[in-house]
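So this one's input.cif, mmCIF, C-alpha atoms:
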data_work
#
loop_
_atom_site.label_atom_id
_atom_site.label_comp_id
_atom_site.auth_asym_id
_atom_site.auth_seq_id
_atom_site.Cartn_x
_atom_site.Cartn_y
_atom_site.Cartn_z
CA MET A 1 0.70 -33.38 -6.79
CA GLN A 2 -2.04 -31.08 -5.51
CA ASP A 3 -0.23 -30.60 -2.23
CA LEU A 4 2.98 -29.80 -4.00
CA LEU A 5 1.14 -27.16 -6.04
CA PHE A 6 -0.51 -25.82 -2.90
CA TYR A 7 2.82 -25.31 -1.18
CA LEU A 8 4.36 -23.85 -4.33
CA PHE A 9 1.57 -21.33 -4.85
CA SER A 10 1.35 -20.35 -1.17
CA ALA A 11 5.08 -19.81 -0.99
CA LEU A 12 4.93 -17.71 -4.15
CA THR A 13 1.97 -15.71 -2.86
CA LEU A 14 3.51 -14.97 0.51
CA GLY A 15 6.97 -14.29 -0.85
CA CYS A 16 5.77 -11.88 -3.48
CA ALA A 17 3.40 -10.20 -1.00
CA PHE A 18 6.38 -9.66 1.28
CA LEU A 19 8.28 -8.10 -1.60
CA VAL A 20 5.32 -5.81 -2.31
CA VAL A 21 5.39 -4.53 1.25
CA ALA A 22 9.10 -4.54 2.05
CA ASN A 23 11.46 -4.88 -0.84
CA PRO A 24 15.03 -4.78 0.46
CA VAL A 25 16.44 -3.71 -2.91
CA SER A 26 14.16 -1.00 -4.18
CA ARG A 27 11.37 1.08 -2.70
CA ASP A 28 10.05 2.12 -6.07
CA PRO A 29 6.24 1.77 -6.32
CA VAL A 30 6.69 0.24 -9.79
CA THR A 31 8.56 -2.71 -8.27
CA SER A 32 5.78 -3.13 -5.73
CA ALA A 33 3.18 -3.11 -8.50
CA MET A 34 5.05 -5.80 -10.43
CA PHE A 35 5.28 -8.04 -7.40
CA LEU A 36 1.59 -7.35 -6.78
CA VAL A 37 0.88 -8.88 -10.20
CA LEU A 38 2.86 -12.00 -9.24
CA THR A 39 1.01 -12.23 -5.92
CA LEU A 40 -2.38 -12.00 -7.57
CA VAL A 41 -1.55 -14.55 -10.27
CA SER A 42 -0.27 -17.11 -7.77
CA LEU A 43 -3.36 -16.43 -5.66
CA SER A 44 -5.48 -17.31 -8.67
CA GLY A 45 -3.50 -20.56 -8.81
CA LEU A 46 -4.70 -21.24 -5.25
CA PHE A 47 -8.26 -20.51 -6.44
CA VAL A 48 -7.86 -23.14 -9.15
CA LEU A 49 -6.70 -25.64 -6.52
CA LEU A 50 -9.92 -24.83 -4.62
CA HIS A 51 -11.90 -25.54 -7.81
CA ALA A 52 -13.04 -21.92 -8.13
CA TYR A 53 -12.24 -21.74 -11.83
CA PHE A 54 -14.41 -18.78 -12.71
CA LEU A 55 -13.03 -16.70 -9.85
CA ALA A 56 -9.49 -17.58 -10.86
CA ALA A 57 -10.14 -16.21 -14.33
CA ILE A 58 -11.80 -13.09 -12.90
CA GLN A 59 -8.88 -12.64 -10.53
CA VAL A 60 -6.41 -12.58 -13.41
CA LEU A 61 -8.59 -10.39 -15.63
CA VAL A 62 -9.80 -7.83 -13.12
CA TYR A 63 -7.01 -7.71 -10.56
CA ALA A 64 -3.84 -8.57 -12.41
CA GLY A 65 -5.17 -6.85 -15.50
CA ALA A 66 -7.27 -3.83 -14.75
CA VAL A 67 -6.36 -2.85 -11.20
CA VAL A 68 -2.59 -3.11 -11.55
CA VAL A 69 -2.67 -1.29 -14.87
CA LEU A 70 -4.59 1.48 -13.13
CA PHE A 71 -1.88 1.59 -10.47
CA LEU A 72 0.83 1.84 -13.11
CA PHE A 73 -1.04 4.59 -14.92
CA VAL A 74 -1.23 6.65 -11.74
CA ILE A 75 2.44 6.02 -10.94
CA MET A 76 3.38 7.29 -14.37
CA LEU A 77 1.04 10.26 -14.02
CA LEU A 78 2.54 11.32 -10.70
CA ASP A 79 6.17 10.71 -11.69
CA PRO A 80 9.53 10.98 -9.91
CA PRO A 81 9.11 13.04 -6.75
CA ALA A 82 6.52 10.59 -5.53
CA THR A 83 9.07 7.83 -5.77
CA GLN A 84 11.88 9.62 -4.02
CA ARG A 85 13.48 7.78 -1.19
CA ARG A 86 12.66 8.81 2.32
CA ARG A 87 13.90 7.48 5.58
CA LEU A 88 11.50 5.09 7.24
CA ARG A 89 10.66 6.11 10.74
CA ARG A 90 11.81 3.55 13.24
CA PHE A 91 8.83 4.05 15.57
CA GLY A 92 6.37 3.40 12.76
CA LEU A 93 8.27 0.30 11.68
CA VAL A 94 8.39 -1.17 15.16
CA ALA A 95 4.77 -0.33 15.98
CA GLY A 96 3.41 -1.58 12.68
CA GLY A 97 5.44 -4.78 12.82
CA THR A 98 4.34 -5.44 16.38
CA VAL A 99 0.66 -4.93 15.59
CA ALA A 100 0.81 -7.17 12.52
CA ALA A 101 2.76 -9.89 14.33
CA GLY A 102 0.34 -9.72 17.28
CA LEU A 103 -2.66 -10.10 15.01
CA ALA A 104 -0.97 -13.03 13.26
CA GLY A 105 -0.39 -14.64 16.67
CA ILE A 106 -4.01 -14.16 17.77
CA LEU A 107 -5.48 -15.45 14.52
CA GLY A 108 -2.99 -18.32 14.45
CA SER A 109 -3.96 -19.45 17.94
CA ALA A 110 -7.64 -19.20 16.96
CA LEU A 111 -6.86 -21.33 13.92
CA HIS A 112 -5.12 -23.83 16.14
CA ARG A 113 -8.28 -24.27 18.20
CA LEU A 114 -10.50 -24.69 15.15
CA PRO A 115 -12.71 -27.79 15.27
CA PRO A 116 -11.46 -30.24 12.66
CA ALA A 117 -12.97 -29.55 9.27
CA PRO A 118 -14.61 -32.32 7.27
CA THR A 119 -11.63 -34.14 5.87
CA GLN A 120 -13.28 -35.15 2.63
CA PRO A 121 -13.46 -32.08 0.40
CA PRO A 122 -17.01 -31.95 -0.93
CA ALA A 123 -17.72 -31.56 -4.59
CA VAL A 124 -18.38 -27.84 -4.75
CA GLU A 125 -17.38 -26.89 -8.23
CA GLY A 126 -16.96 -23.19 -8.88
CA ALA A 127 -17.43 -23.46 -12.60
CA THR A 128 -19.24 -20.72 -14.44
CA VAL A 129 -22.67 -22.37 -14.63
CA PRO A 130 -23.43 -22.94 -10.92
CA LEU A 131 -21.93 -19.57 -10.02
CA GLY A 132 -24.04 -17.82 -12.64
CA GLU A 133 -27.15 -19.61 -11.46
CA ALA A 134 -26.54 -18.52 -7.88
CA LEU A 135 -25.75 -15.00 -9.05
CA PHE A 136 -28.86 -14.51 -11.15
CA ARG A 137 -31.37 -16.42 -8.99
CA GLN A 138 -30.56 -15.98 -5.36
CA TYR A 139 -28.34 -12.91 -5.54
CA VAL A 140 -30.03 -10.75 -8.18
CA LEU A 141 -30.60 -7.79 -5.90
CA PRO A 142 -26.99 -7.52 -4.67
CA PHE A 143 -25.87 -7.96 -8.27
CA GLU A 144 -27.93 -4.98 -9.42
CA MET A 145 -26.77 -2.92 -6.47
CA VAL A 146 -23.15 -3.65 -7.32
CA SER A 147 -23.76 -2.51 -10.89
CA CYS A 148 -25.22 0.75 -9.52
CA LEU A 149 -22.16 1.07 -7.30
CA LEU A 150 -19.88 0.72 -10.31
CA LEU A 151 -21.82 3.43 -12.12
CA VAL A 152 -21.59 5.76 -9.13
CA ALA A 153 -17.86 5.07 -8.81
CA MET A 154 -17.34 5.81 -12.48
CA VAL A 155 -19.19 9.14 -12.28
CA GLY A 156 -17.31 10.01 -9.09
CA VAL A 157 -13.95 9.26 -10.64
CA ILE A 158 -14.70 11.43 -13.66
CA LEU A 159 -15.81 14.26 -11.38
CA LEU A 160 -12.78 13.93 -9.12
CA SER A 161 -10.19 13.84 -11.86
CA ARG A 162 -11.40 16.85 -13.81
CA LYS A 163 -8.81 19.55 -14.20
CA ASP A 164 -10.80 22.31 -12.47
CA PRO A 165 -13.58 21.02 -10.22
CA ALA A 166 -16.50 23.40 -10.60
CA MET B 167 -0.15 -34.27 4.65
CA THR B 168 -2.96 -33.14 2.42
CA ALA B 169 -3.81 -29.45 2.27
CA GLY B 170 -6.98 -28.87 4.27
CA LEU B 171 -9.02 -25.88 5.32
CA GLU B 172 -6.51 -24.90 8.01
CA HIS B 173 -3.69 -24.65 5.50
CA TYR B 174 -5.59 -22.25 3.30
CA LEU B 175 -6.70 -20.21 6.32
CA ALA B 176 -3.11 -20.01 7.55
CA VAL B 177 -2.00 -18.63 4.19
CA SER B 178 -4.88 -16.16 4.34
CA VAL B 179 -3.94 -15.01 7.85
CA LEU B 180 -0.32 -14.49 6.87
CA LEU B 181 -1.28 -12.57 3.75
CA PHE B 182 -3.65 -10.36 5.73
CA CYS B 183 -0.98 -9.58 8.31
CA LEU B 184 1.56 -8.78 5.61
CA GLY B 185 -0.92 -6.31 4.14
CA LEU B 186 -1.61 -4.83 7.57
CA ALA B 187 2.11 -4.40 8.21
CA GLY B 188 2.41 -2.64 4.87
CA VAL B 189 -0.46 -0.26 5.64
CA LEU B 190 1.04 0.57 9.03
CA THR B 191 4.67 0.98 8.04
CA ARG B 192 4.89 2.26 4.48
CA ARG B 193 4.68 5.98 3.77
CA ASN B 194 3.89 6.06 0.06
CA LEU B 195 0.15 6.29 -0.60
CA LEU B 196 0.36 4.07 -3.69
CA VAL B 197 2.11 1.28 -1.83
CA LEU B 198 -0.45 1.74 0.94
CA TYR B 199 -3.21 1.05 -1.55
CA MET B 200 -1.41 -2.06 -2.80
CA SER B 201 -1.18 -3.34 0.76
CA LEU B 202 -4.92 -2.76 1.12
CA GLU B 203 -5.44 -4.90 -1.97
CA LEU B 204 -3.38 -7.64 -0.34
CA MET B 205 -5.68 -7.57 2.70
CA LEU B 206 -8.79 -7.79 0.53
CA ASN B 207 -7.29 -10.73 -1.33
CA ALA B 208 -6.53 -12.50 1.94
CA ALA B 209 -10.23 -12.24 2.82
CA ASN B 210 -11.10 -13.56 -0.64
CA LEU B 211 -8.87 -16.59 -0.18
CA ALA B 212 -10.48 -17.38 3.18
CA LEU B 213 -13.98 -17.09 1.68
CA VAL B 214 -13.17 -19.36 -1.25
CA ALA B 215 -11.62 -21.94 1.08
CA PHE B 216 -14.72 -21.88 3.31
CA SER B 217 -16.94 -22.22 0.30
CA ARG B 218 -15.00 -25.27 -0.86
CA PHE B 219 -14.83 -27.07 2.44
CA ARG B 220 -18.24 -26.15 3.87
CA HIS B 221 -20.55 -27.24 1.05
CA GLY B 222 -21.87 -24.16 -0.70
CA ILE B 223 -21.20 -21.68 -3.41
CA ASP B 224 -22.25 -18.61 -1.41
CA GLY B 225 -18.66 -17.81 -0.48
CA GLN B 226 -17.67 -17.63 -4.11
CA VAL B 227 -20.55 -15.29 -4.90
CA MET B 228 -19.35 -13.08 -2.07
CA VAL B 229 -15.83 -13.08 -3.47
CA PHE B 230 -17.26 -12.02 -6.82
CA PHE B 231 -18.88 -9.02 -5.15
CA ILE B 232 -15.73 -8.22 -3.19
CA ILE B 233 -13.67 -8.15 -6.38
CA THR B 234 -16.18 -5.74 -7.96
CA VAL B 235 -16.26 -3.44 -4.96
CA ALA B 236 -12.46 -3.53 -4.72
CA ALA B 237 -12.16 -2.44 -8.34
CA ALA B 238 -14.51 0.49 -7.68
CA GLU B 239 -12.60 1.34 -4.51
CA VAL B 240 -9.27 1.39 -6.32
CA ALA B 241 -10.63 3.64 -9.06
CA VAL B 242 -12.05 6.17 -6.60
CA GLY B 243 -9.01 6.00 -4.33
CA LEU B 244 -6.55 6.59 -7.15
CA ALA B 245 -8.64 9.48 -8.50
CA LEU B 246 -8.56 11.03 -5.03
CA LEU B 247 -4.82 10.51 -4.92
CA VAL B 248 -4.34 12.25 -8.26
CA ALA B 249 -6.52 15.18 -7.16
CA LEU B 250 -4.57 15.40 -3.92
CA TYR B 251 -1.27 15.29 -5.75
CA ARG B 252 -2.34 18.15 -8.00
CA ARG B 253 -2.99 20.30 -4.96
CA ARG B 254 -0.18 19.23 -2.62
CA ARG B 255 2.59 17.94 -4.93
CA SER B 256 3.14 14.95 -2.68
CA ALA B 257 2.01 11.36 -2.30
CA GLN B 258 3.53 10.70 1.10
CA VAL B 259 1.32 10.30 4.11
CA GLU B 260 3.29 12.49 6.46
CA ASP B 261 2.77 15.48 4.15
CA LEU B 262 -0.99 15.15 4.57
CA ALA B 263 -1.26 16.29 8.17
CA THR B 264 -3.77 19.12 7.92
CA LEU B 265 -6.04 17.54 10.53
CA LYS B 266 -3.20 17.18 13.04
CA LEU B 267 -3.44 19.46 16.04
#
Rewrite the structure from the file as structure tokens, please.
Amino acid sequence: MQDLLFYLFSALTLGCAFLVVANPVSRDPVTSAMFLVLTLVSLSGLFVLLHAYFLAAIQVLVYAGAVVVLFLFVIMLLDPPATQRRRLRRFGLVAGGTVAAGLAGILGSALHRLPPAPTQPPAVEGATVPLGEALFRQYVLPFEMVSCLLLVAMVGVILLSRKDPA
Amino acid sequence: MTAGLEHYLAVSVLLFCLGLAGVLTRRNLLVLYMSLELMLNAANLALVAFSRFRHGIDGQVMVFFIITVAAAEVAVGLALLVALYRRRRSAQVEDLATLKL
């Protein structure tokens, strides 16, 4: 059952990610954003299979919720000319595809030579309680720094998106 | 065959390479950002898989931080894009070639 779900969710993730990057039907950014939602949701399914329940919920809330909505807002703000169809340059296509395929080959061969992992999956449960304990005991400093980072990002965004930067 | 660490890492590698291909080939800045998100998520998947199969919750804490930083990065990046669009009337990379000799 679990394996079936694993294959289902990985196929969904990879298929939708492919459609985000290269949709044969439409090159509209809105289509890409919609398939990005599907990718992120099926990825959170993979997180559930890895027993990272809290992260799966965060993935749906923050990524599939907030981030994609932000993307859609900006797409609507910028409007049609940004979505107009342009010819893809063949050189860029070939070069990009080659680089990505080469990296996949290198990483795949490294994966092939990986020492066998412990076959019995240990009982690491990513429920909210252990994660919160780790977050607020061992990782308090990074946590506070990340909150500062969010504040800085918020101020920066407000400054950047003002109508007439002083 | 039961899904082990290698399976999850293989999915992560493929997802990362799809994102990389998108960053290298697409010309629309918004789609470029989405491909970047795909790459970040590939790293997240690898970290969660390591955390599950290598006894420890540290990987999941790291993923938590990555998600936060990615949200901040998207907000700043999209604000930059909007500012740029106001000035240049374009969101295509080949129109942003001021630094080209």
Shell of 12 Å around Leu55 of chain A, only C-alpha atoms, local chain residues under 5 positions omitted, as a count of residues only: 36
On this structure, the PyMOL selection byres ((chain B and resi 179) around 10) would catch which residues? List them as a PDB file with C-alpha atoms, in the frame of the given file, sorted by chain and number.
ATOM      1  CA  LEU A 103      -2.660 -10.100  15.010  1.00  0.00           C
ATOM      2  CA  ALA A 104      -0.970 -13.030  13.260  1.00  0.00           C
ATOM      3  CA  GLY A 105      -0.390 -14.640  16.670  1.00  0.00           C
ATOM      4  CA  ILE A 106      -4.010 -14.160  17.770  1.00  0.00           C
ATOM      5  CA  LEU A 107      -5.480 -15.450  14.520  1.00  0.00           C
ATOM      6  CA  GLY A 108      -2.990 -18.320  14.450  1.00  0.00           C
ATOM      7  CA  LEU A 111      -6.860 -21.330  13.920  1.00  0.00           C
TER       8      LEU A 111
ATOM      9  CA  HIS B 173      -3.690 -24.650   5.500  1.00  0.00           C
ATOM     10  CA  TYR B 174      -5.590 -22.250   3.300  1.00  0.00           C
ATOM     11  CA  LEU B 175      -6.700 -20.210   6.320  1.00  0.00           C
ATOM     12  CA  ALA B 176      -3.110 -20.010   7.550  1.00  0.00           C
ATOM     13  CA  VAL B 177      -2.000 -18.630   4.190  1.00  0.00           C
ATOM     14  CA  SER B 178      -4.880 -16.160   4.340  1.00  0.00           C
ATOM     15  CA  LEU B 180      -0.320 -14.490   6.870  1.00  0.00           C
ATOM     16  CA  LEU B 181      -1.280 -12.570   3.750  1.00  0.00           C
ATOM     17  CA  PHE B 182      -3.650 -10.360   5.730  1.00  0.00           C
ATOM     18  CA  CYS B 183      -0.980  -9.580   8.310  1.00  0.00           C
ATOM     19  CA  LEU B 184       1.560  -8.780   5.610  1.00  0.00           C
ATOM     20  CA  GLY B 185      -0.920  -6.310   4.140  1.00  0.00           C
ATOM     21  CA  MET B 205      -5.680  -7.570   2.700  1.00  0.00           C
ATOM     22  CA  ALA B 208      -6.530 -12.500   1.940  1.00  0.00           C
ATOM     23  CA  ALA B 209     -10.230 -12.240   2.820  1.00  0.00           C
ATOM     24  CA  LEU B 211      -8.870 -16.590  -0.180  1.00  0.00           C
ATOM     25  CA  ALA B 212     -10.480 -17.380   3.180  1.00  0.00           C
TER      26      ALA B 212
END
Residue members of the PyMOL selection byres ((chain B and resi 235) around 12) in the file shown, as number ranges by chain: A: 62-63, 67, 142-143, 145-154; B: 203, 206, 228-234, 236-243
Answer key for the PyMOL selection byres ((chain B and resi 247-255) around 8), residues as a list in words: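 Applied to this file, the PyMOL selection byres ((chain B and resi 247-255) around 8) returns Val74, Leu78, Leu160 and Ser161 of chain A; Leu195, Gly243, Leu244, Ala245, Leu246, Ser256 and Ala257 of chain B.
Nearest residue to Thr31 of chain A among B:Leu186, B:Leu202, B:Leu265, B:Val197 is B:Val197, counting all atoms listed in the file.
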Atom-to-atom span, atom CA of Val30 of chain A and atom CA of Ala100 of chain A, Å: 24.2 Å
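Shortest separation to chain B among A:Ala66, A:Gln138, A:Leu12, A:Val21 occurs at residue A:Val21, atoms counted being all atoms listed in the file.
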Closest of B:Leu204, B:Val259, B:Leu267, B:Leu190 to Leu14 of chain A - atom-to-atom distances counting all atoms listed in the file: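 Of the candidates, the smallest distance to Leu14 of chain A is held by B:Leu204.
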